[in-house]
$ cat entry15.csv   # CSV, C-alpha atoms and all ligand atoms
chain,number,residue,atom,x,y,z
A,1,MET,CA,118.3,163.2,24.4
A,2,PRO,CA,119.1,166.9,24.3
A,3,VAL,CA,122.3,167.2,26.3
A,4,ALA,CA,125.9,165.9,26.0
A,5,SER,CA,129.1,166.9,27.8
A,6,ALA,CA,132.0,168.4,26.0
A,7,SER,CA,134.7,166.0,27.3
A,8,THR,CA,137.8,165.0,25.4
A,9,PRO,CA,139.1,162.9,23.8
A,10,ALA,CA,136.0,160.7,23.9
A,11,VAL,CA,133.4,163.2,22.8
A,12,GLY,CA,129.7,162.7,23.1
A,13,VAL,CA,129.9,159.6,25.4
A,14,GLU,CA,127.7,160.9,28.1
A,15,VAL,CA,124.1,162.2,27.8
A,16,ALA,CA,121.0,163.2,29.6
A,17,GLY,CA,117.5,163.5,28.3
A,18,THR,CA,114.0,162.0,27.9
A,19,VAL,CA,113.3,158.5,26.6
A,20,VAL,CA,111.5,158.8,23.2
A,21,ALA,CA,111.5,155.1,22.1
A,22,LEU,CA,112.2,151.7,23.6
A,23,GLY,CA,113.9,148.7,22.0
A,24,LYS,CA,112.2,145.3,21.9
A,25,GLY,CA,111.9,143.7,25.3
A,26,VAL,CA,113.0,146.8,27.3
A,27,THR,CA,110.8,146.8,30.4
A,28,GLU,CA,113.0,148.9,32.8
A,29,LEU,CA,112.1,152.2,31.3
A,30,ASN,CA,109.0,154.0,29.9
A,31,ILE,CA,108.7,156.6,27.2
A,32,GLY,CA,108.9,160.0,28.9
A,33,ASP,CA,111.4,158.9,31.6
A,34,GLU,CA,114.2,161.3,32.3
A,35,VAL,CA,117.5,159.5,32.2
A,36,PHE,CA,121.3,160.0,32.1
A,37,GLY,CA,124.2,157.8,31.3
A,38,PHE,CA,127.7,157.1,30.1
A,39,ILE,CA,126.8,155.4,26.8
A,40,ASN,CA,130.3,154.6,25.6
A,41,ILE,CA,129.5,155.5,22.0
A,42,VAL,CA,130.2,158.8,20.3
A,43,GLY,CA,126.5,159.5,19.8
A,44,GLY,CA,125.8,162.2,22.3
A,45,TYR,CA,126.3,165.2,20.1
A,46,ALA,CA,122.8,164.9,18.6
A,47,THR,CA,119.2,165.5,19.4
A,48,LYS,CA,118.6,161.8,19.7
A,49,ALA,CA,121.0,159.0,20.9
A,50,VAL,CA,120.8,155.3,21.2
A,51,ALA,CA,121.8,153.7,24.5
A,52,GLN,CA,121.8,150.3,26.2
A,53,VAL,CA,119.4,150.3,29.1
A,54,SER,CA,122.1,148.9,31.5
A,55,LYS,CA,124.1,152.1,30.9
A,56,LEU,CA,121.3,154.5,32.0
A,57,ALA,CA,119.8,155.5,35.3
A,58,PHE,CA,117.0,157.9,36.2
A,59,LYS,CA,118.3,161.5,36.2
A,60,PRO,CA,118.6,163.0,39.7
A,61,LYS,CA,115.4,165.0,40.4
A,62,SER,CA,117.4,167.8,41.8
A,63,LEU,CA,119.4,168.4,38.5
A,64,SER,CA,118.3,169.8,35.2
A,65,ALA,CA,119.1,167.8,32.1
A,66,LEU,CA,121.9,170.2,31.4
A,67,GLN,CA,123.5,169.6,34.8
A,68,ALA,CA,122.9,165.8,34.6
A,69,GLY,CA,124.6,165.6,31.2
A,70,ALA,CA,127.8,166.7,32.9
A,71,VAL,CA,127.8,163.9,35.5
A,72,PRO,CA,128.0,160.3,34.2
A,73,ALA,CA,131.6,159.8,33.1
A,74,THR,CA,133.2,162.0,35.7
A,75,ALA,CA,131.2,160.7,38.7
A,76,LEU,CA,131.6,157.1,37.6
A,77,THR,CA,135.4,157.6,37.2
A,78,ALA,CA,135.6,159.1,40.7
A,79,TRP,CA,133.4,156.5,42.2
A,80,GLN,CA,135.3,153.6,40.7
A,81,ALA,CA,138.7,155.0,41.6
A,82,LEU,CA,137.8,155.7,45.2
A,83,ILE,CA,135.4,153.0,46.1
A,84,GLU,CA,136.2,150.0,43.8
A,85,HIS,CA,140.0,150.5,43.3
A,86,ALA,CA,141.2,152.3,46.4
A,87,GLY,CA,138.5,151.1,48.9
A,88,VAL,CA,138.5,154.5,50.7
A,89,GLN,CA,137.4,154.3,54.3
A,90,ARG,CA,136.3,156.8,56.9
A,91,ARG,CA,139.1,159.0,58.3
A,92,GLN,CA,141.6,157.9,55.6
A,93,LYS,CA,143.7,160.7,54.1
A,94,VAL,CA,143.1,161.1,50.4
A,95,LEU,CA,144.9,163.4,47.9
A,96,ILE,CA,143.1,164.4,44.7
A,97,HIS,CA,145.2,166.0,41.9
A,98,ALA,CA,143.3,168.2,39.5
A,99,ALA,CA,140.6,168.5,42.1
A,100,ALA,CA,138.7,171.3,40.4
A,101,GLY,CA,138.2,169.5,37.1
A,102,GLY,CA,135.3,167.3,36.0
A,103,VAL,CA,136.5,164.1,37.7
A,104,GLY,CA,138.3,165.8,40.5
A,105,SER,CA,135.3,167.8,41.7
A,106,MET,CA,133.2,164.7,41.9
A,107,ALA,CA,136.1,162.9,43.7
A,108,VAL,CA,136.4,165.6,46.3
A,109,GLN,CA,132.7,165.3,47.2
A,110,ILE,CA,132.6,161.4,47.1
A,111,ALA,CA,135.8,161.2,49.3
A,112,LYS,CA,134.2,163.6,51.7
A,113,TYR,CA,130.9,161.6,51.7
A,114,LEU,CA,133.0,158.5,52.5
A,115,GLY,CA,134.4,160.3,55.6
A,116,ALA,CA,137.9,160.8,54.3
A,117,GLU,CA,140.2,163.8,55.0
A,118,VAL,CA,140.6,165.4,51.6
A,119,TYR,CA,143.7,167.1,50.2
A,120,ALA,CA,143.1,168.8,46.9
A,121,THR,CA,145.5,170.3,44.3
A,122,ALA,CA,144.5,173.2,42.0
A,123,SER,CA,145.5,176.7,41.3
A,124,ALA,CA,144.6,179.2,43.9
A,125,HIS,CA,141.5,180.7,42.2
A,126,HIS,CA,139.8,177.3,42.6
A,127,HIS,CA,140.5,177.0,46.3
A,128,ALA,CA,137.3,178.7,47.7
A,129,TYR,CA,135.2,176.4,45.4
A,130,LEU,CA,137.1,173.3,46.6
A,131,LYS,CA,136.6,174.2,50.2
A,132,LYS,CA,132.9,174.7,49.5
A,133,ILE,CA,132.5,171.2,48.0
A,134,GLY,CA,134.5,169.5,50.8
A,135,ALA,CA,138.3,169.8,50.6
A,136,ASP,CA,139.9,170.0,54.0
A,137,TYR,CA,143.3,171.2,52.6
A,138,THR,CA,144.0,172.9,49.3
A,139,ILE,CA,147.4,173.0,47.7
A,140,ASP,CA,148.3,175.4,44.9
A,141,TYR,CA,150.3,173.2,42.5
A,142,THR,CA,151.6,176.2,40.6
A,143,THR,CA,153.4,177.6,43.7
A,144,GLN,CA,153.6,174.9,46.2
A,145,ALA,CA,155.2,171.4,46.3
A,146,PHE,CA,152.5,169.0,47.5
A,147,GLU,CA,155.1,166.7,49.0
A,148,GLU,CA,155.9,169.5,51.5
A,149,LEU,CA,152.3,169.8,52.6
A,150,ALA,CA,151.0,166.2,52.6
A,151,SER,CA,152.5,162.9,53.8
A,152,GLY,CA,151.4,159.5,55.2
A,153,LEU,CA,148.4,159.4,52.8
A,154,ASP,CA,146.3,156.3,52.3
A,155,VAL,CA,145.2,157.2,48.7
A,156,VAL,CA,146.3,159.5,45.9
A,157,LEU,CA,143.9,159.9,43.0
A,158,ASP,CA,146.1,161.0,40.1
A,159,LEU,CA,144.2,162.9,37.4
A,160,VAL,CA,147.3,164.5,35.9
A,161,GLY,CA,149.9,161.8,35.1
A,162,GLY,CA,153.6,162.4,34.3
A,163,GLU,CA,155.8,164.0,36.9
A,164,THR,CA,152.8,164.6,39.2
A,165,GLN,CA,152.1,160.9,39.3
A,166,THR,CA,155.8,160.0,39.9
A,167,ARG,CA,156.1,162.5,42.7
A,168,SER,CA,153.0,161.1,44.3
A,169,PHE,CA,154.6,157.8,45.5
A,170,ALA,CA,156.6,159.8,48.2
A,171,VAL,CA,153.4,161.1,49.9
A,172,LEU,CA,151.8,157.7,50.3
A,173,LYS,CA,152.2,155.5,53.4
A,174,LYS,CA,153.3,151.9,52.9
A,175,HIS,CA,150.4,149.8,51.4
A,176,GLY,CA,148.8,153.1,50.3
A,177,VAL,CA,147.1,153.2,46.9
A,178,LEU,CA,148.1,155.3,43.9
A,179,VAL,CA,145.1,155.1,41.5
A,180,SER,CA,145.1,156.7,38.1
A,181,PRO,CA,142.8,156.7,35.1
A,182,VAL,CA,145.4,158.7,33.2
A,183,SER,CA,148.4,156.3,32.9
A,184,ALA,CA,149.8,153.2,34.6
A,185,PRO,CA,152.0,154.0,37.6
A,186,ASN,CA,155.6,152.8,37.5
A,187,MET,CA,155.8,149.3,38.9
A,188,SER,CA,159.4,149.5,40.0
A,189,LEU,CA,158.7,152.7,42.0
A,190,ALA,CA,155.5,151.1,43.4
A,191,ASN,CA,157.7,148.2,44.7
A,192,ASP,CA,160.3,150.5,46.1
A,193,TYR,CA,157.7,152.5,48.1
A,194,GLY,CA,155.5,149.5,49.0
A,195,VAL,CA,152.5,151.2,47.3
A,196,THR,CA,149.7,149.5,45.4
A,197,PRO,CA,149.5,150.9,41.8
A,198,VAL,CA,146.2,150.9,39.9
A,199,ASN,CA,145.5,152.1,36.4
A,200,PHE,CA,141.9,151.7,35.2
A,201,ALA,CA,139.4,152.7,32.5
A,202,THR,CA,136.0,153.9,33.5
A,203,ARG,CA,133.2,151.5,32.7
A,204,SER,CA,129.5,152.3,32.2
A,205,ASP,CA,127.4,151.1,35.1
A,206,GLY,CA,123.7,152.1,35.4
A,207,ARG,CA,123.5,150.7,38.9
A,208,GLN,CA,126.3,152.8,40.2
A,209,LEU,CA,124.9,155.8,38.4
A,210,SER,CA,121.6,155.2,40.3
A,211,LEU,CA,123.5,155.4,43.6
A,212,ILE,CA,125.3,158.6,42.4
A,213,ALA,CA,121.9,160.1,41.5
A,214,GLU,CA,120.7,159.4,45.0
A,215,LEU,CA,123.7,161.3,46.4
A,216,PHE,CA,122.8,164.3,44.3
A,217,ASP,CA,119.1,164.2,45.5
A,218,LYS,CA,120.3,163.9,49.1
A,219,GLY,CA,122.5,166.9,48.7
A,220,HIS,CA,125.9,165.2,49.0
A,221,LEU,CA,126.9,166.1,45.5
A,222,THR,CA,126.7,169.1,43.3
A,223,VAL,CA,128.0,169.8,39.8
A,224,ASN,CA,129.4,173.0,38.3
A,225,VAL,CA,128.6,173.4,34.6
A,226,GLU,CA,129.2,175.9,31.8
A,227,THR,CA,126.8,175.5,28.9
A,228,TYR,CA,127.4,175.9,25.2
A,229,PRO,CA,125.0,175.5,22.3
A,230,LEU,CA,125.8,172.4,20.1
A,231,SER,CA,126.8,174.8,17.3
A,232,GLU,CA,129.7,175.9,19.5
A,233,ALA,CA,131.0,172.4,20.2
A,234,LYS,CA,134.4,173.2,18.6
A,235,VAL,CA,134.9,176.1,21.0
A,236,ALA,CA,133.8,174.0,24.0
A,237,ILE,CA,136.1,171.1,23.1
A,238,GLU,CA,139.1,173.5,22.6
A,239,LYS,CA,138.4,175.0,26.0
A,240,SER,CA,138.1,171.6,27.6
A,241,MET,CA,141.4,170.5,26.0
A,242,GLY,CA,143.0,173.5,27.7
A,243,ARG,CA,142.6,171.5,31.0
A,244,HIS,CA,141.8,174.4,33.3
A,245,LEU,CA,138.0,173.9,33.8
A,246,ARG,CA,136.1,174.1,37.0
A,247,GLY,CA,133.6,171.2,36.8
A,248,ARG,CA,132.4,170.4,33.3
A,249,LEU,CA,131.3,171.9,30.0
A,250,VAL,CA,128.0,170.7,28.5
A,251,LEU,CA,126.4,171.1,25.1
A,252,ASP,CA,122.8,172.0,24.8
A,253,THR,CA,121.7,170.1,21.7
A,254,ALA,CA,118.3,171.9,21.7
A,255,LYS,CA,120.1,175.1,20.8
B,1,LIG,N1,140.8,156.2,31.5
B,1,LIG,C1,139.6,156.7,31.7
B,1,LIG,O1,138.6,155.9,31.5
B,1,LIG,C2,139.3,158.1,32.1
B,1,LIG,C3,138.1,158.5,32.4
B,1,LIG,C4,137.9,159.8,32.8
B,1,LIG,C5,139.0,160.7,32.9
B,1,LIG,N2,140.2,160.3,32.5
B,1,LIG,C6,141.4,161.2,32.5
B,1,LIG,O2,141.4,161.8,33.8
B,1,LIG,C7,142.0,163.1,33.7
B,1,LIG,C8,141.1,164.1,34.3
B,1,LIG,O3,139.9,164.3,33.6
B,1,LIG,P1,139.0,165.5,33.8
B,1,LIG,O4,137.8,165.4,32.8
B,1,LIG,O5,138.6,165.7,35.3
B,1,LIG,O6,139.9,166.7,33.4
B,1,LIG,P2,139.7,168.3,33.4
B,1,LIG,O7,138.3,168.6,33.9
B,1,LIG,O8,140.1,168.8,32.0
B,1,LIG,O9,140.7,168.8,34.4
B,1,LIG,C9,140.8,170.2,34.5
B,1,LIG,C10,141.5,170.5,35.8
B,1,LIG,O10,142.9,170.0,35.8
B,1,LIG,C11,143.6,170.9,36.7
B,1,LIG,N3,145.1,170.7,36.4
B,1,LIG,C12,145.7,170.7,35.3
B,1,LIG,N4,147.0,170.5,35.5
B,1,LIG,C13,147.2,170.2,36.8
B,1,LIG,C14,148.3,169.9,37.7
B,1,LIG,N5,149.5,169.7,37.2
B,1,LIG,N6,148.0,169.7,39.0
B,1,LIG,C15,146.8,169.9,39.5
B,1,LIG,N7,145.7,170.2,38.8
B,1,LIG,C16,145.9,170.4,37.4
B,1,LIG,C17,143.1,172.3,36.3
B,1,LIG,O11,143.3,173.1,37.4
B,1,LIG,P3,143.8,174.6,37.2
B,1,LIG,O12,142.7,175.3,36.5
B,1,LIG,O13,144.0,175.1,38.6
B,1,LIG,O14,145.1,174.5,36.4
B,1,LIG,C18,141.6,172.0,36.1
B,1,LIG,O15,140.8,172.4,37.2
B,1,LIG,C19,142.2,163.3,32.2
B,1,LIG,O16,143.5,163.1,31.8
B,1,LIG,C20,141.3,162.3,31.5
B,1,LIG,O17,141.7,162.0,30.2
B,1,LIG,C21,140.4,159.0,32.1
$ encode --input "entry15.csv" --output "structure tokens" --more "lines below"
Ligand SMILES: NC(=O)c1ccc[n+]([C@@H]2O[C@H](COP(=O)([O-])OP(=O)(O)OC[C@H]3O[C@@H](n4cnc5c(N)ncnc54)[C@H](OP(=O)(O)O)[C@@H]3O)[C@@H](O)[C@H]2O)c1
Amino acid sequence: MPVASASTPAVGVEVAGTVVALGKGVTELNIGDEVFGFINIVGGYATKAVAQVSKLAFKPKSLSALQAGAVPATALTAWQALIEHAGVQRRQKVLIHAAAGGVGSMAVQIAKYLGAEVYATASAHHHAYLKKIGADYTIDYTTQAFEELASGLDVVLDLVGGETQTRSFAVLKKHGVLVSPVSAPNMSLANDYGVTPVNFATRSDGRQLSLIAELFDKGHLTVNVETYPLSEAKVAIEKSMGRHLRGRLVLDTAK
């Protein structure tokens, strides 16, 4: 598998590439199939990786392997947050923090696909990109207080944590959902505001990834990637840790 994303801190957990060998009893795939997946083991920074078949799906036909390698963990995180944990419905108001990043950019598009009204926080230079992928309202978190621009929301997807998460209670309506893969929301504040708090860890799910692949091929999702050769993994990880990406960094393990 020649591609892996440069995410942190779990490096090399998502891959895209071609099946070169099958384990005993595997009938779901054939040698030569193009697949992608969130493989949950730190094996992606290599020209070959081992994965359980249940964690893989056929790569979207509309994406190159390099683009597809940027998708599994971020898209599954956004999917599970919005669909499984928050149950986003048509016309609901959803705020996504860190909307221009890997998970955020997937979340904006999935929320839009679900028919939600999408509020997105990011610094101003990302706003045109966010509008292009589906944000209805953009908020510059460096100069604007999101509490002054959004209220009565059904869902906040917190991809920042800390003070941003704490301030998010106030913009939710009663029985709204504050969902975060970053840290557990404060229970006592959740009770005070009558908000449902959710903290979760993303899980591998080849079936969900197949549905995500379909959304790419139908034109509902796109991914923004910046590519580095594997030899520059350190530079890519350092850049990723700076937390100011648009979309995702990927490593081309063929280079
Ligand atoms: N628990 C799990 O299973 C799980 C799974 C996936 C992700 N996560 C966590 O989810 C978070 C998001 O992951 P990611 O890969 O999407 O991150 P990322 O791509 O590194 O996020 C980068 C984005 O964050 C934005 N940002 C930084 N500080 C912000 C703030 N205070 N307000 C609004 N936007 C801000 C940046 O926008 P600017 O450039 O405008 O600053 C940038 O576009 C991370 O903390 C990650 O560890 C957890």
$ residues_near_ligand --input "entry15.csv" --ligand "ligand LIG 1 (chain B)" --cutoff "9 Å" --atoms "only C-alpha atoms and all ligand atoms" --output "PDB file with C-alpha atoms, in the coordinates of the input"
ATOM      1  CA  SER A   7     134.700 166.000  27.300  1.00  0.00           C
ATOM      2  CA  THR A   8     137.800 165.000  25.400  1.00  0.00           C
ATOM      3  CA  PRO A   9     139.100 162.900  23.800  1.00  0.00           C
ATOM      4  CA  ALA A  10     136.000 160.700  23.900  1.00  0.00           C
ATOM      5  CA  ALA A  73     131.600 159.800  33.100  1.00  0.00           C
ATOM      6  CA  THR A  74     133.200 162.000  35.700  1.00  0.00           C
ATOM      7  CA  ALA A  75     131.200 160.700  38.700  1.00  0.00           C
ATOM      8  CA  LEU A  76     131.600 157.100  37.600  1.00  0.00           C
ATOM      9  CA  THR A  77     135.400 157.600  37.200  1.00  0.00           C
ATOM     10  CA  ALA A  78     135.600 159.100  40.700  1.00  0.00           C
ATOM     11  CA  ILE A  96     143.100 164.400  44.700  1.00  0.00           C
ATOM     12  CA  HIS A  97     145.200 166.000  41.900  1.00  0.00           C
ATOM     13  CA  ALA A  98     143.300 168.200  39.500  1.00  0.00           C
ATOM     14  CA  ALA A  99     140.600 168.500  42.100  1.00  0.00           C
ATOM     15  CA  ALA A 100     138.700 171.300  40.400  1.00  0.00           C
ATOM     16  CA  GLY A 101     138.200 169.500  37.100  1.00  0.00           C
ATOM     17  CA  GLY A 102     135.300 167.300  36.000  1.00  0.00           C
ATOM     18  CA  VAL A 103     136.500 164.100  37.700  1.00  0.00           C
ATOM     19  CA  GLY A 104     138.300 165.800  40.500  1.00  0.00           C
ATOM     20  CA  SER A 105     135.300 167.800  41.700  1.00  0.00           C
ATOM     21  CA  MET A 106     133.200 164.700  41.900  1.00  0.00           C
ATOM     22  CA  ALA A 120     143.100 168.800  46.900  1.00  0.00           C
ATOM     23  CA  THR A 121     145.500 170.300  44.300  1.00  0.00           C
ATOM     24  CA  ALA A 122     144.500 173.200  42.000  1.00  0.00           C
ATOM     25  CA  SER A 123     145.500 176.700  41.300  1.00  0.00           C
ATOM     26  CA  ALA A 124     144.600 179.200  43.900  1.00  0.00           C
ATOM     27  CA  HIS A 125     141.500 180.700  42.200  1.00  0.00           C
ATOM     28  CA  HIS A 126     139.800 177.300  42.600  1.00  0.00           C
ATOM     29  CA  HIS A 127     140.500 177.000  46.300  1.00  0.00           C
ATOM     30  CA  ILE A 139     147.400 173.000  47.700  1.00  0.00           C
ATOM     31  CA  ASP A 140     148.300 175.400  44.900  1.00  0.00           C
ATOM     32  CA  TYR A 141     150.300 173.200  42.500  1.00  0.00           C
ATOM     33  CA  THR A 142     151.600 176.200  40.600  1.00  0.00           C
ATOM     34  CA  ASP A 158     146.100 161.000  40.100  1.00  0.00           C
ATOM     35  CA  LEU A 159     144.200 162.900  37.400  1.00  0.00           C
ATOM     36  CA  VAL A 160     147.300 164.500  35.900  1.00  0.00           C
ATOM     37  CA  GLY A 161     149.900 161.800  35.100  1.00  0.00           C
ATOM     38  CA  GLY A 162     153.600 162.400  34.300  1.00  0.00           C
ATOM     39  CA  GLU A 163     155.800 164.000  36.900  1.00  0.00           C
ATOM     40  CA  THR A 164     152.800 164.600  39.200  1.00  0.00           C
ATOM     41  CA  SER A 180     145.100 156.700  38.100  1.00  0.00           C
ATOM     42  CA  PRO A 181     142.800 156.700  35.100  1.00  0.00           C
ATOM     43  CA  VAL A 182     145.400 158.700  33.200  1.00  0.00           C
ATOM     44  CA  SER A 183     148.400 156.300  32.900  1.00  0.00           C
ATOM     45  CA  ASN A 199     145.500 152.100  36.400  1.00  0.00           C
ATOM     46  CA  PHE A 200     141.900 151.700  35.200  1.00  0.00           C
ATOM     47  CA  ALA A 201     139.400 152.700  32.500  1.00  0.00           C
ATOM     48  CA  THR A 202     136.000 153.900  33.500  1.00  0.00           C
ATOM     49  CA  ARG A 203     133.200 151.500  32.700  1.00  0.00           C
ATOM     50  CA  LYS A 239     138.400 175.000  26.000  1.00  0.00           C
ATOM     51  CA  SER A 240     138.100 171.600  27.600  1.00  0.00           C
ATOM     52  CA  MET A 241     141.400 170.500  26.000  1.00  0.00           C
ATOM     53  CA  GLY A 242     143.000 173.500  27.700  1.00  0.00           C
ATOM     54  CA  ARG A 243     142.600 171.500  31.000  1.00  0.00           C
ATOM     55  CA  HIS A 244     141.800 174.400  33.300  1.00  0.00           C
ATOM     56  CA  LEU A 245     138.000 173.900  33.800  1.00  0.00           C
ATOM     57  CA  ARG A 246     136.100 174.100  37.000  1.00  0.00           C
ATOM     58  CA  GLY A 247     133.600 171.200  36.800  1.00  0.00           C
ATOM     59  CA  ARG A 248     132.400 170.400  33.300  1.00  0.00           C
ATOM     60  CA  LEU A 249     131.300 171.900  30.000  1.00  0.00           C
TER      61      LEU A 249
END
$ closest_residue --input "entry15.csv" --among "A:His220, A:Lys59, A:Lys93, A:His85" --to "A:Val171" --atoms "all atoms listed in the file"
A:Lys93
$ residues_around --input "entry15.csv" --residues "stretch 36-50 of chain A" --least-positions-apart "4" --cutoff "7 Å" --atoms "all atoms listed in the file" --output "list in words"
Met1, Pro2, Ala4, Val11, Gly12, Val13, Glu14, Val15, Ala16, Gly17, Lys55, Leu56, Ala57, Phe58, Lys59, Ala68, Gly69, Pro72, Ala73, Ser204, Thr253 and Ala254 of chain A
$ atom_distance --input "entry15.csv" --atom1 "atom CA of A:Ile110" --atom2 "atom CA of A:Tyr129"
15.3 Å
$ residues_near_point --input "entry15.csv" --point "(154.3, 146.9, 51.9)" --cutoff "10 Å" --atoms "only C-alpha atoms" --output "list in words"
Lys173, Lys174, His175, Gly176, Ala190, Asn191, Asp192, Tyr193, Gly194, Val195 and Thr196 of chain A
$ atom_distance --input "entry15.csv" --atom1 "atom CA of A:Ala170" --atom2 "atom CA of A:Ser188"
13.5 Å
$ atom_distance --input "entry15.csv" --atom1 "atom CA of A:Pro60" --atom2 "atom CA of A:Val108"
19.2 Å
$ closest_residue --input "entry15.csv" --among "A:Lys218, A:Lys131, A:Lys24, A:Arg90" --to "A:Gln52" --atoms "all atoms listed in the file"
A:Lys24
$ closest_residue --input "entry15.csv" --among "A:Gln92, A:Gln109, A:Ser64, A:Thr138" --to "A:Gly152" --atoms "only C-alpha atoms"
A:Gln92
$ residues_near_point --input "entry15.csv" --point "(122.6, 167.3, 48.8)" --cutoff "12 Å" --atoms "only C-alpha atoms" --output "PyMOL selection string"
chain A and resi 60-63+109-110+113+133+212-223
$ write_last_selection --input "entry15.csv" --atoms "C-alpha atoms" --output "PDB file, keeping the file's coordinate frame"
ATOM      1  CA  PRO A  60     118.600 163.000  39.700  1.00  0.00           C
ATOM      2  CA  LYS A  61     115.400 165.000  40.400  1.00  0.00           C
ATOM      3  CA  SER A  62     117.400 167.800  41.800  1.00  0.00           C
ATOM      4  CA  LEU A  63     119.400 168.400  38.500  1.00  0.00           C
ATOM      5  CA  GLN A 109     132.700 165.300  47.200  1.00  0.00           C
ATOM      6  CA  ILE A 110     132.600 161.400  47.100  1.00  0.00           C
ATOM      7  CA  TYR A 113     130.900 161.600  51.700  1.00  0.00           C
ATOM      8  CA  ILE A 133     132.500 171.200  48.000  1.00  0.00           C
ATOM      9  CA  ILE A 212     125.300 158.600  42.400  1.00  0.00           C
ATOM     10  CA  ALA A 213     121.900 160.100  41.500  1.00  0.00           C
ATOM     11  CA  GLU A 214     120.700 159.400  45.000  1.00  0.00           C
ATOM     12  CA  LEU A 215     123.700 161.300  46.400  1.00  0.00           C
ATOM     13  CA  PHE A 216     122.800 164.300  44.300  1.00  0.00           C
ATOM     14  CA  ASP A 217     119.100 164.200  45.500  1.00  0.00           C
ATOM     15  CA  LYS A 218     120.300 163.900  49.100  1.00  0.00           C
ATOM     16  CA  GLY A 219     122.500 166.900  48.700  1.00  0.00           C
ATOM     17  CA  HIS A 220     125.900 165.200  49.000  1.00  0.00           C
ATOM     18  CA  LEU A 221     126.900 166.100  45.500  1.00  0.00           C
ATOM     19  CA  THR A 222     126.700 169.100  43.300  1.00  0.00           C
ATOM     20  CA  VAL A 223     128.000 169.800  39.800  1.00  0.00           C
TER      21      VAL A 223
END
$ decode --input "entry15.csv" --residues "stretch 176-190 of chain A" --atoms "N, CA and C atoms" --output "mmCIF file, in the first residue's frame"
data_model
loop_
_atom_site.group_PDB
_atom_site.id
_atom_site.type_symbol
_atom_site.label_atom_id
_atom_site.label_comp_id
_atom_site.auth_asym_id
_atom_site.auth_seq_id
_atom_site.Cartn_x
_atom_site.Cartn_y
_atom_site.Cartn_z
ATOM 1 N N GLY A 176 -29.623 20.053 23.044
ATOM 2 C CA GLY A 176 -28.626 20.009 21.965
ATOM 3 C C GLY A 176 -27.499 19.044 22.330
ATOM 4 N N VAL A 177 -26.635 18.768 21.358
ATOM 5 C CA VAL A 177 -25.556 17.790 21.577
ATOM 6 C C VAL A 177 -24.195 18.460 21.384
ATOM 7 N N LEU A 178 -23.327 18.296 22.395
ATOM 8 C CA LEU A 178 -21.930 18.750 22.280
ATOM 9 C C LEU A 178 -21.078 17.493 22.126
ATOM 10 N N VAL A 179 -20.575 17.280 20.921
ATOM 11 C CA VAL A 179 -19.837 16.044 20.649
ATOM 12 C C VAL A 179 -18.374 16.372 20.374
ATOM 13 N N SER A 180 -17.475 15.616 21.021
ATOM 14 C CA SER A 180 -16.046 15.905 20.896
ATOM 15 C C SER A 180 -15.213 14.629 20.891
ATOM 16 N N PRO A 181 -14.353 14.463 19.874
ATOM 17 C CA PRO A 181 -13.380 13.374 19.938
ATOM 18 C C PRO A 181 -12.094 13.830 20.633
ATOM 19 N N VAL A 182 -12.069 15.091 21.097
ATOM 20 C CA VAL A 182 -10.852 15.660 21.685
ATOM 21 C C VAL A 182 -10.802 15.395 23.188
ATOM 22 N N SER A 183 -11.886 15.725 23.906
ATOM 23 C CA SER A 183 -11.909 15.511 25.358
ATOM 24 C C SER A 183 -13.350 15.469 25.838
ATOM 25 N N ALA A 184 -13.553 14.887 27.021
ATOM 26 C CA ALA A 184 -14.908 14.719 27.562
ATOM 27 C C ALA A 184 -15.464 16.062 28.035
ATOM 28 N N PRO A 185 -16.631 16.478 27.531
ATOM 29 C CA PRO A 185 -17.240 17.714 28.010
ATOM 30 C C PRO A 185 -17.578 17.638 29.500
ATOM 31 N N ASN A 186 -17.537 18.808 30.143
ATOM 32 C CA ASN A 186 -17.794 18.916 31.584
ATOM 33 C C ASN A 186 -19.243 18.531 31.897
ATOM 34 N N MET A 187 -19.419 17.512 32.743
ATOM 35 C CA MET A 187 -20.756 16.967 33.034
ATOM 36 C C MET A 187 -21.628 17.962 33.776
ATOM 37 N N SER A 188 -20.994 18.723 34.695
ATOM 38 C CA SER A 188 -21.807 19.628 35.487
ATOM 39 C C SER A 188 -22.324 20.784 34.618
ATOM 40 N N LEU A 189 -21.486 21.281 33.691
ATOM 41 C CA LEU A 189 -21.966 22.301 32.751
ATOM 42 C C LEU A 189 -23.043 21.730 31.837
ATOM 43 N N ALA A 190 -22.858 20.484 31.428
ATOM 44 C CA ALA A 190 -23.852 19.835 30.556
ATOM 45 C C ALA A 190 -25.203 19.798 31.264
#
